[in-house]
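So this one's protein-v3.pdb, PDB, C-alpha atoms and all ligand atoms:
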```
ATOM      1  CA  MET A   1     -31.422 -28.444   2.937  1.00  0.00           C
ATOM      2  CA  LYS A   2     -29.466 -27.793  -0.231  1.00  0.00           C
ATOM      3  CA  GLN A   3     -30.542 -24.643  -2.074  1.00  0.00           C
ATOM      4  CA  GLU A   4     -31.053 -25.237  -5.792  1.00  0.00           C
ATOM      5  CA  PRO A   5     -30.730 -22.482  -8.377  1.00  0.00           C
ATOM      6  CA  VAL A   6     -34.080 -21.181  -9.608  1.00  0.00           C
ATOM      7  CA  ALA A   7     -34.662 -21.073 -13.343  1.00  0.00           C
ATOM      8  CA  LEU A   8     -36.542 -17.871 -14.242  1.00  0.00           C
ATOM      9  CA  SER A   9     -36.474 -18.497 -17.942  1.00  0.00           C
ATOM     10  CA  SER A  10     -34.563 -20.609 -20.330  1.00  0.00           C
ATOM     11  CA  ARG A  11     -31.770 -18.002 -20.236  1.00  0.00           C
ATOM     12  CA  THR A  12     -31.701 -16.744 -16.613  1.00  0.00           C
ATOM     13  CA  VAL A  13     -30.698 -18.760 -13.587  1.00  0.00           C
ATOM     14  CA  VAL A  14     -30.645 -17.230 -10.097  1.00  0.00           C
ATOM     15  CA  GLY A  15     -28.958 -18.987  -7.199  1.00  0.00           C
ATOM     16  CA  PRO A  16     -27.702 -17.985  -3.793  1.00  0.00           C
ATOM     17  CA  SER A  17     -25.629 -14.786  -3.960  1.00  0.00           C
ATOM     18  CA  PRO A  18     -21.910 -15.314  -3.735  1.00  0.00           C
ATOM     19  CA  PRO A  19     -20.366 -13.886  -0.576  1.00  0.00           C
ATOM     20  CA  ALA A  20     -19.249 -10.264  -1.001  1.00  0.00           C
ATOM     21  CA  LYS A  21     -15.532 -10.189  -1.711  1.00  0.00           C
ATOM     22  CA  GLN A  22     -13.621  -8.248   0.891  1.00  0.00           C
ATOM     23  CA  ARG A  23     -10.921  -5.886  -0.212  1.00  0.00           C
ATOM     24  CA  PRO A  24      -7.492  -6.783   1.053  1.00  0.00           C
ATOM     25  CA  ARG A  25      -6.133  -4.576   3.810  1.00  0.00           C
ATOM     26  CA  ILE A  26      -2.808  -3.023   4.694  1.00  0.00           C
ATOM     27  CA  ARG A  27      -2.196  -2.807   8.415  1.00  0.00           C
ATOM     28  CA  LEU A  28       0.236  -0.458  10.076  1.00  0.00           C
ATOM     29  CA  SER A  29       2.326  -1.848  12.833  1.00  0.00           C
ATOM     30  CA  ARG A  30       3.001   0.852  15.435  1.00  0.00           C
ATOM     31  CA  ASN A  31       6.404   2.395  14.712  1.00  0.00           C
ATOM     32  CA  GLY A  32       7.035  -0.560  12.447  1.00  0.00           C
ATOM     33  CA  PRO A  33       6.299  -2.037   9.032  1.00  0.00           C
ATOM     34  CA  TYR A  34       3.248  -2.358   6.811  1.00  0.00           C
ATOM     35  CA  LEU A  35       1.647  -5.767   7.196  1.00  0.00           C
ATOM     36  CA  VAL A  36      -0.031  -7.097   4.082  1.00  0.00           C
ATOM     37  CA  THR A  37      -0.843 -10.117   1.978  1.00  0.00           C
ATOM     38  CA  VAL A  38      -0.487  -9.243  -1.684  1.00  0.00           C
ATOM     39  CA  ASP A  39      -0.461 -11.407  -4.793  1.00  0.00           C
ATOM     40  CA  ASP A  40       0.917  -8.700  -7.008  1.00  0.00           C
ATOM     41  CA  LEU A  41       4.033  -7.153  -5.461  1.00  0.00           C
ATOM     42  CA  THR A  42       6.470  -5.869  -8.046  1.00  0.00           C
ATOM     43  CA  ASN A  43       9.622  -3.827  -7.770  1.00  0.00           C
ATOM     44  CA  SER A  44      10.689  -1.041 -10.101  1.00  0.00           C
ATOM     45  CA  LYS A  45      12.664  -3.542 -12.211  1.00  0.00           C
ATOM     46  CA  GLY A  46       9.485  -5.477 -12.941  1.00  0.00           C
ATOM     47  CA  GLU A  47      10.498  -8.378 -10.717  1.00  0.00           C
ATOM     48  CA  ARG A  48       7.652 -10.093  -8.929  1.00  0.00           C
ATOM     49  CA  LEU A  49       8.295 -10.508  -5.196  1.00  0.00           C
ATOM     50  CA  GLN A  50       6.683 -13.010  -2.906  1.00  0.00           C
ATOM     51  CA  GLY A  51       3.973 -11.529  -0.774  1.00  0.00           C
ATOM     52  CA  TRP A  52       1.011 -13.879  -0.897  1.00  0.00           C
ATOM     53  CA  ASN A  53       1.545 -15.473   2.496  1.00  0.00           C
ATOM     54  CA  GLY A  54       1.753 -12.125   4.256  1.00  0.00           C
ATOM     55  CA  VAL A  55       4.762  -9.870   4.444  1.00  0.00           C
ATOM     56  CA  ALA A  56       6.092  -7.036   6.550  1.00  0.00           C
ATOM     57  CA  LEU A  57       7.154  -4.210   4.249  1.00  0.00           C
ATOM     58  CA  CYS A  58       9.756  -1.755   5.510  1.00  0.00           C
ATOM     59  CA  ARG A  59       8.549   1.804   6.072  1.00  0.00           C
ATOM     60  CA  CYS A  60      11.443   3.163   8.115  1.00  0.00           C
ATOM     61  CA  GLY A  61      13.827   3.094   5.148  1.00  0.00           C
ATOM     62  CA  ALA A  62      16.603   1.371   7.083  1.00  0.00           C
ATOM     63  CA  SER A  63      16.039  -2.313   6.376  1.00  0.00           C
ATOM     64  CA  LEU A  64      18.941  -4.159   4.794  1.00  0.00           C
ATOM     65  CA  LYS A  65      16.424  -6.529   3.204  1.00  0.00           C
ATOM     66  CA  LYS A  66      14.255  -3.991   1.417  1.00  0.00           C
ATOM     67  CA  PRO A  67      11.461  -4.048   0.627  1.00  0.00           C
ATOM     68  CA  PHE A  68      10.976  -6.382   3.562  1.00  0.00           C
ATOM     69  CA  CYS A  69      11.321  -5.458   7.209  1.00  0.00           C
ATOM     70  CA  ASP A  70      14.363  -6.806   9.047  1.00  0.00           C
ATOM     71  CA  GLY A  71      13.636  -5.169  12.396  1.00  0.00           C
ATOM     72  CA  SER A  72      15.812  -2.117  11.727  1.00  0.00           C
ATOM     73  CA  HIS A  73      12.971   0.203  12.791  1.00  0.00           C
ATOM     74  CA  ILE A  74      13.767  -0.772  16.387  1.00  0.00           C
ATOM     75  CA  ARG A  75      17.484  -0.073  15.972  1.00  0.00           C
ATOM     76  CA  ILE A  76      16.912   3.406  14.534  1.00  0.00           C
ATOM     77  CA  GLY A  77      14.035   4.309  16.852  1.00  0.00           C
ATOM     78  CA  PHE A  78      11.601   4.849  13.996  1.00  0.00           C
ATOM     79  CA  SER A  79       8.505   6.790  15.001  1.00  0.00           C
ATOM     80  CA  ASP A  80       5.308   7.118  13.009  1.00  0.00           C
ATOM     81  CA  ASP A  81       3.962   9.882  15.238  1.00  0.00           C
ATOM     82  CA  PRO A  82       2.331  12.721  13.332  1.00  0.00           C
ATOM     83  CA  ARG A  83       4.722  15.604  12.736  1.00  0.00           C
ATOM     84  CA  PRO A  84       3.647  19.116  13.779  1.00  0.00           C
ATOM     85  CA  GLU A  85       4.592  20.482  10.378  1.00  0.00           C
ATOM     86  CA  ARG A  86       2.344  17.924   8.694  1.00  0.00           C
ATOM     87  CA  THR A  87       0.848  19.215   5.479  1.00  0.00           C
ATOM     88  CA  PRO A  88      -2.226  17.950   3.640  1.00  0.00           C
ATOM     89  CA  CYS A  89      -1.516  15.001   1.391  1.00  0.00           C
ATOM     90  CA  ARG A  90      -2.692  15.467  -2.134  1.00  0.00           C
ATOM     91  CA  VAL A  91      -2.339  12.877  -4.846  1.00  0.00           C
ATOM     92  CA  ALA A  92      -0.217  15.315  -6.808  1.00  0.00           C
ATOM     93  CA  ASP A  93       2.238  15.522  -3.888  1.00  0.00           C
ATOM     94  CA  CYS A  94       2.609  11.794  -3.587  1.00  0.00           C
ATOM     95  CA  GLY A  95       5.847  11.554  -5.453  1.00  0.00           C
ATOM     96  CA  ASP A  96       5.847   9.072  -8.265  1.00  0.00           C
ATOM     97  CA  ALA A  97       2.282   7.949  -7.652  1.00  0.00           C
ATOM     98  CA  ALA A  98       0.824  11.082  -9.128  1.00  0.00           C
ATOM     99  CA  GLN A  99      -1.498   9.321 -11.522  1.00  0.00           C
ATOM    100  CA  PRO A 100      -4.997  10.446 -12.382  1.00  0.00           C
ATOM    101  CA  GLU A 101      -7.999   8.562 -11.068  1.00  0.00           C
ATOM    102  CA  SER A 102      -9.387   6.515 -13.895  1.00  0.00           C
ATOM    103  CA  GLY A 103     -12.574   5.560 -12.075  1.00  0.00           C
ATOM    104  CA  GLU A 104     -12.029   1.895 -12.850  1.00  0.00           C
ATOM    105  CA  VAL A 105     -11.505  -0.683 -10.138  1.00  0.00           C
ATOM    106  CA  ASN A 106      -8.186  -2.391 -10.613  1.00  0.00           C
ATOM    107  CA  PRO A 107      -6.969  -5.614  -9.062  1.00  0.00           C
ATOM    108  CA  PRO A 108      -5.011  -5.077  -5.845  1.00  0.00           C
ATOM    109  CA  SER A 109      -1.341  -4.478  -6.458  1.00  0.00           C
ATOM    110  CA  ILE A 110       1.695  -2.852  -4.906  1.00  0.00           C
ATOM    111  CA  ARG A 111       4.410  -1.459  -7.151  1.00  0.00           C
ATOM    112  CA  ILE A 112       7.673  -0.265  -5.699  1.00  0.00           C
ATOM    113  CA  ALA A 113       8.732   3.024  -7.200  1.00  0.00           C
ATOM    114  CA  ARG A 114      12.443   3.374  -7.886  1.00  0.00           C
ATOM    115  CA  ASN A 115      13.982   5.034  -4.820  1.00  0.00           C
ATOM    116  CA  GLY A 116      10.467   6.051  -3.860  1.00  0.00           C
ATOM    117  CA  PRO A 117       7.198   4.927  -2.315  1.00  0.00           C
ATOM    118  CA  TYR A 118       4.985   1.889  -2.528  1.00  0.00           C
ATOM    119  CA  MET A 119       2.355   2.646  -5.129  1.00  0.00           C
ATOM    120  CA  VAL A 120      -0.769   0.920  -3.959  1.00  0.00           C
ATOM    121  CA  GLN A 121      -4.087   0.265  -5.602  1.00  0.00           C
ATOM    122  CA  GLY A 122      -7.117  -1.723  -4.557  1.00  0.00           C
ATOM    123  CA  PHE A 123      -6.332  -2.042  -0.846  1.00  0.00           C
ATOM    124  CA  ASP A 124      -7.997  -0.743   2.260  1.00  0.00           C
ATOM    125  CA  LEU A 125      -5.603   0.987   4.616  1.00  0.00           C
ATOM    126  CA  ASP A 126      -5.770   1.054   8.384  1.00  0.00           C
ATOM    127  CA  THR A 127      -5.243   4.717   9.106  1.00  0.00           C
ATOM    128  CA  GLU A 128      -7.097   7.692  10.496  1.00  0.00           C
ATOM    129  CA  ASN A 129      -4.826  10.042   8.617  1.00  0.00           C
ATOM    130  CA  TRP A 130      -6.661  10.291   5.309  1.00  0.00           C
ATOM    131  CA  SER A 131      -6.451  13.798   4.042  1.00  0.00           C
ATOM    132  CA  GLU A 132      -9.133  15.674   2.267  1.00  0.00           C
ATOM    133  CA  GLY A 133      -9.114  14.811  -1.412  1.00  0.00           C
ATOM    134  CA  ALA A 134      -6.846  11.781  -1.008  1.00  0.00           C
ATOM    135  CA  SER A 135      -7.698   8.820  -3.211  1.00  0.00           C
ATOM    136  CA  ARG A 136      -8.730   5.675  -1.370  1.00  0.00           C
ATOM    137  CA  GLU A 137      -8.296   3.565  -4.463  1.00  0.00           C
ATOM    138  CA  ARG A 138      -4.779   4.584  -5.353  1.00  0.00           C
ATOM    139  CA  PHE A 139      -2.195   6.024  -3.032  1.00  0.00           C
ATOM    140  CA  ALA A 140       1.528   6.154  -2.326  1.00  0.00           C
ATOM    141  CA  LEU A 141       2.886   4.885   0.974  1.00  0.00           C
ATOM    142  CA  CYS A 142       6.180   6.170   2.319  1.00  0.00           C
ATOM    143  CA  ARG A 143       8.994   3.642   2.494  1.00  0.00           C
ATOM    144  CA  CYS A 144      11.894   6.030   3.100  1.00  0.00           C
ATOM    145  CA  GLY A 145      10.762   6.843   6.642  1.00  0.00           C
ATOM    146  CA  GLY A 146      11.019  10.592   6.110  1.00  0.00           C
ATOM    147  CA  SER A 147       7.518  11.666   5.112  1.00  0.00           C
ATOM    148  CA  LYS A 148       5.776  14.254   7.262  1.00  0.00           C
ATOM    149  CA  ASN A 149       2.493  12.759   6.100  1.00  0.00           C
ATOM    150  CA  LYS A 150       2.991   9.201   7.270  1.00  0.00           C
ATOM    151  CA  PRO A 151       1.870   6.748   6.195  1.00  0.00           C
ATOM    152  CA  PHE A 152       1.647   8.595   2.877  1.00  0.00           C
ATOM    153  CA  CYS A 153       4.551   9.688   0.728  1.00  0.00           C
ATOM    154  CA  ASP A 154       4.998  13.452   0.524  1.00  0.00           C
ATOM    155  CA  GLY A 155       8.005  13.485  -1.791  1.00  0.00           C
ATOM    156  CA  THR A 156      10.601  13.666   1.010  1.00  0.00           C
ATOM    157  CA  HIS A 157      12.380  10.624  -0.462  1.00  0.00           C
ATOM    158  CA  ARG A 158      13.772  12.982  -3.075  1.00  0.00           C
ATOM    159  CA  SER A 159      15.124  15.598  -0.694  1.00  0.00           C
ATOM    160  CA  ILE A 160      16.787  12.977   1.512  1.00  0.00           C
ATOM    161  CA  ASP A 161      18.056  11.102  -1.554  1.00  0.00           C
ATOM    162  CA  PHE A 162      16.560   7.789  -0.504  1.00  0.00           C
ATOM    163  CA  GLN A 163      18.289   4.948  -2.343  1.00  0.00           C
ATOM    164  CA  ASP A 164      17.277   1.365  -2.847  1.00  0.00           C
ATOM    165  CA  ASP A 165      19.315  -0.060  -5.688  1.00  0.00           C
ATOM    166  CA  GLY A 166      17.946  -3.551  -5.137  1.00  0.00           C
ATOM    167  CA  ASN A 167      14.401  -2.609  -5.998  1.00  0.00           C
TER     168      ASN A 167
HETATM  169  S1  LIG A 201       8.891   7.342   0.129  1.00  0.00           S
HETATM  170 FE1  LIG A 201       8.200   9.297  -0.448  1.00  0.00          FE
HETATM  171  S2  LIG A 201       8.353  10.465   1.387  1.00  0.00           S
HETATM  172 FE2  LIG A 201       9.044   8.486   1.972  1.00  0.00          FE
END
```
The structure given in the file should be rewritten as structure tokens.
Ligand code: FES
Amino acid sequence: MKQEPVALSSRTVVGPSPPAKQRPRIRLSRNGPYLVTVDDLTNSKGERLQGWNGVALCRCGASLKKPFCDGSHIRIGFSDDPRPERTPCRVADCGDAAQPESGEVNPPSIRIARNGPYMVQGFDLDTENWSEGASRERFALCRCGGSKNKPFCDGTHRSIDFQDDGN
């Protein structure tokens, strides 16, 4: 039977609740790329990149098709195993993503920092490696492959002079 909205007054109409909107999710492929569907994927030059049908984003730093994965993680033997010298990830350590929490909920987006991480907001992330104090609304994901705090950026892209002129 079709459910009709119920008029409570001349100004208020209550109908069936809309389904709760799920936050989009970033998945980590083991020793491989980030898997994500994203409407708003933009590089550091302000160019919008196609990501709405699902993309594999490089996180080993070696792809020749950055920011997309080209399978190079297999060639270089990329490992996302935790490093023994792992240090706590704090927002302030996350390279170029060190932005204050505003408290507002922003639409999901991924911005590619110049020669740096993916700056993510509004996504859930499949990881057990959240550190104390890390923001779940806004975070920086390593794309140089060198972070000791994978999947998060810890600023290593600077010390290894990670370069991605194309983005
Ligand atoms: S991109 Fe910052 S540590 Fe890898």
TODO: Using all atoms listed in the file, find each protein or nucleic acid residue lying at most 8 Å from ligand LIG 201 (chain A); present the set as a PyMOL selection string.
DONE: chain A and resi 59+61+94-95+115-118+140-149+152-158+162
Output the residue selection produced by the PyMOL selection byres (((chain A and resi 71) around 12) and not hetatm) on the file above, formatted as a PDB file with C-alpha atoms, keeping the file's coordinate frame.
```
ATOM      1  CA  SER A  29       2.326  -1.848  12.833  1.00  0.00           C
ATOM      2  CA  ASN A  31       6.404   2.395  14.712  1.00  0.00           C
ATOM      3  CA  GLY A  32       7.035  -0.560  12.447  1.00  0.00           C
ATOM      4  CA  PRO A  33       6.299  -2.037   9.032  1.00  0.00           C
ATOM      5  CA  ALA A  56       6.092  -7.036   6.550  1.00  0.00           C
ATOM      6  CA  LEU A  57       7.154  -4.210   4.249  1.00  0.00           C
ATOM      7  CA  CYS A  58       9.756  -1.755   5.510  1.00  0.00           C
ATOM      8  CA  ARG A  59       8.549   1.804   6.072  1.00  0.00           C
ATOM      9  CA  CYS A  60      11.443   3.163   8.115  1.00  0.00           C
ATOM     10  CA  GLY A  61      13.827   3.094   5.148  1.00  0.00           C
ATOM     11  CA  ALA A  62      16.603   1.371   7.083  1.00  0.00           C
ATOM     12  CA  SER A  63      16.039  -2.313   6.376  1.00  0.00           C
ATOM     13  CA  LEU A  64      18.941  -4.159   4.794  1.00  0.00           C
ATOM     14  CA  LYS A  65      16.424  -6.529   3.204  1.00  0.00           C
ATOM     15  CA  LYS A  66      14.255  -3.991   1.417  1.00  0.00           C
ATOM     16  CA  PHE A  68      10.976  -6.382   3.562  1.00  0.00           C
ATOM     17  CA  CYS A  69      11.321  -5.458   7.209  1.00  0.00           C
ATOM     18  CA  ASP A  70      14.363  -6.806   9.047  1.00  0.00           C
ATOM     19  CA  SER A  72      15.812  -2.117  11.727  1.00  0.00           C
ATOM     20  CA  HIS A  73      12.971   0.203  12.791  1.00  0.00           C
ATOM     21  CA  ILE A  74      13.767  -0.772  16.387  1.00  0.00           C
ATOM     22  CA  ARG A  75      17.484  -0.073  15.972  1.00  0.00           C
ATOM     23  CA  ILE A  76      16.912   3.406  14.534  1.00  0.00           C
ATOM     24  CA  GLY A  77      14.035   4.309  16.852  1.00  0.00           C
ATOM     25  CA  PHE A  78      11.601   4.849  13.996  1.00  0.00           C
TER      26      PHE A  78
END
```
Open item on the list: Need the shell around segment 42-48 of chain A: protein/DNA/RNA residues with any atom at most 8 Å away, counting all atoms listed in the file. Skip same-chain ones fewer than 5 positions apart. Format as number ranges by chain?
Closed with: A: 110-114, 167
Could you dump the residues just selected with C-alpha atoms as an mmCIF file, in the frame of the given file?
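Generated file (selection_1.cif):
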```cif
data_model
loop_
_atom_site.group_PDB
_atom_site.id
_atom_site.type_symbol
_atom_site.label_atom_id
_atom_site.label_comp_id
_atom_site.auth_asym_id
_atom_site.auth_seq_id
_atom_site.Cartn_x
_atom_site.Cartn_y
_atom_site.Cartn_z
ATOM 1 C CA ILE A 110 1.695 -2.852 -4.906
ATOM 2 C CA ARG A 111 4.410 -1.459 -7.151
ATOM 3 C CA ILE A 112 7.673 -0.265 -5.699
ATOM 4 C CA ALA A 113 8.732 3.024 -7.200
ATOM 5 C CA ARG A 114 12.443 3.374 -7.886
ATOM 6 C CA ASN A 167 14.401 -2.609 -5.998
#
```
TODO: For each of A:Asp161, A:Asn129, A:Arg138, A:Asp81, take the minimum atom-to-atom distance to Arg30 of chain A, counting all atoms listed in the file, then give the residue where this is smallest.
DONE: A:Asp81
Task: A:Pro67, A:Ile26, A:Ile160, A:Asn53 ranked by distance to Asp39 of chain A, top pick (using all atoms listed in the file) - done: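 Under the stated criterion, the closest residue is A:Asn53.
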Quick one: axis-aligned box around all listed atoms of segment 120-136 of chain A, 5 Å on every side, centre and edge lengths in Å to one decimal, written as JSON.
```
{"center_x": -5.0, "center_y": 6.8, "center_z": 2.4, "size_x": 18.4, "size_y": 27.7, "size_z": 26.1}
```
TODO: Mind giving me the straight-line distance from atom CA of Gly133 of chain A to atom CA of Leu41 of chain A in Å, one decimal?
DONE: 25.9 Å
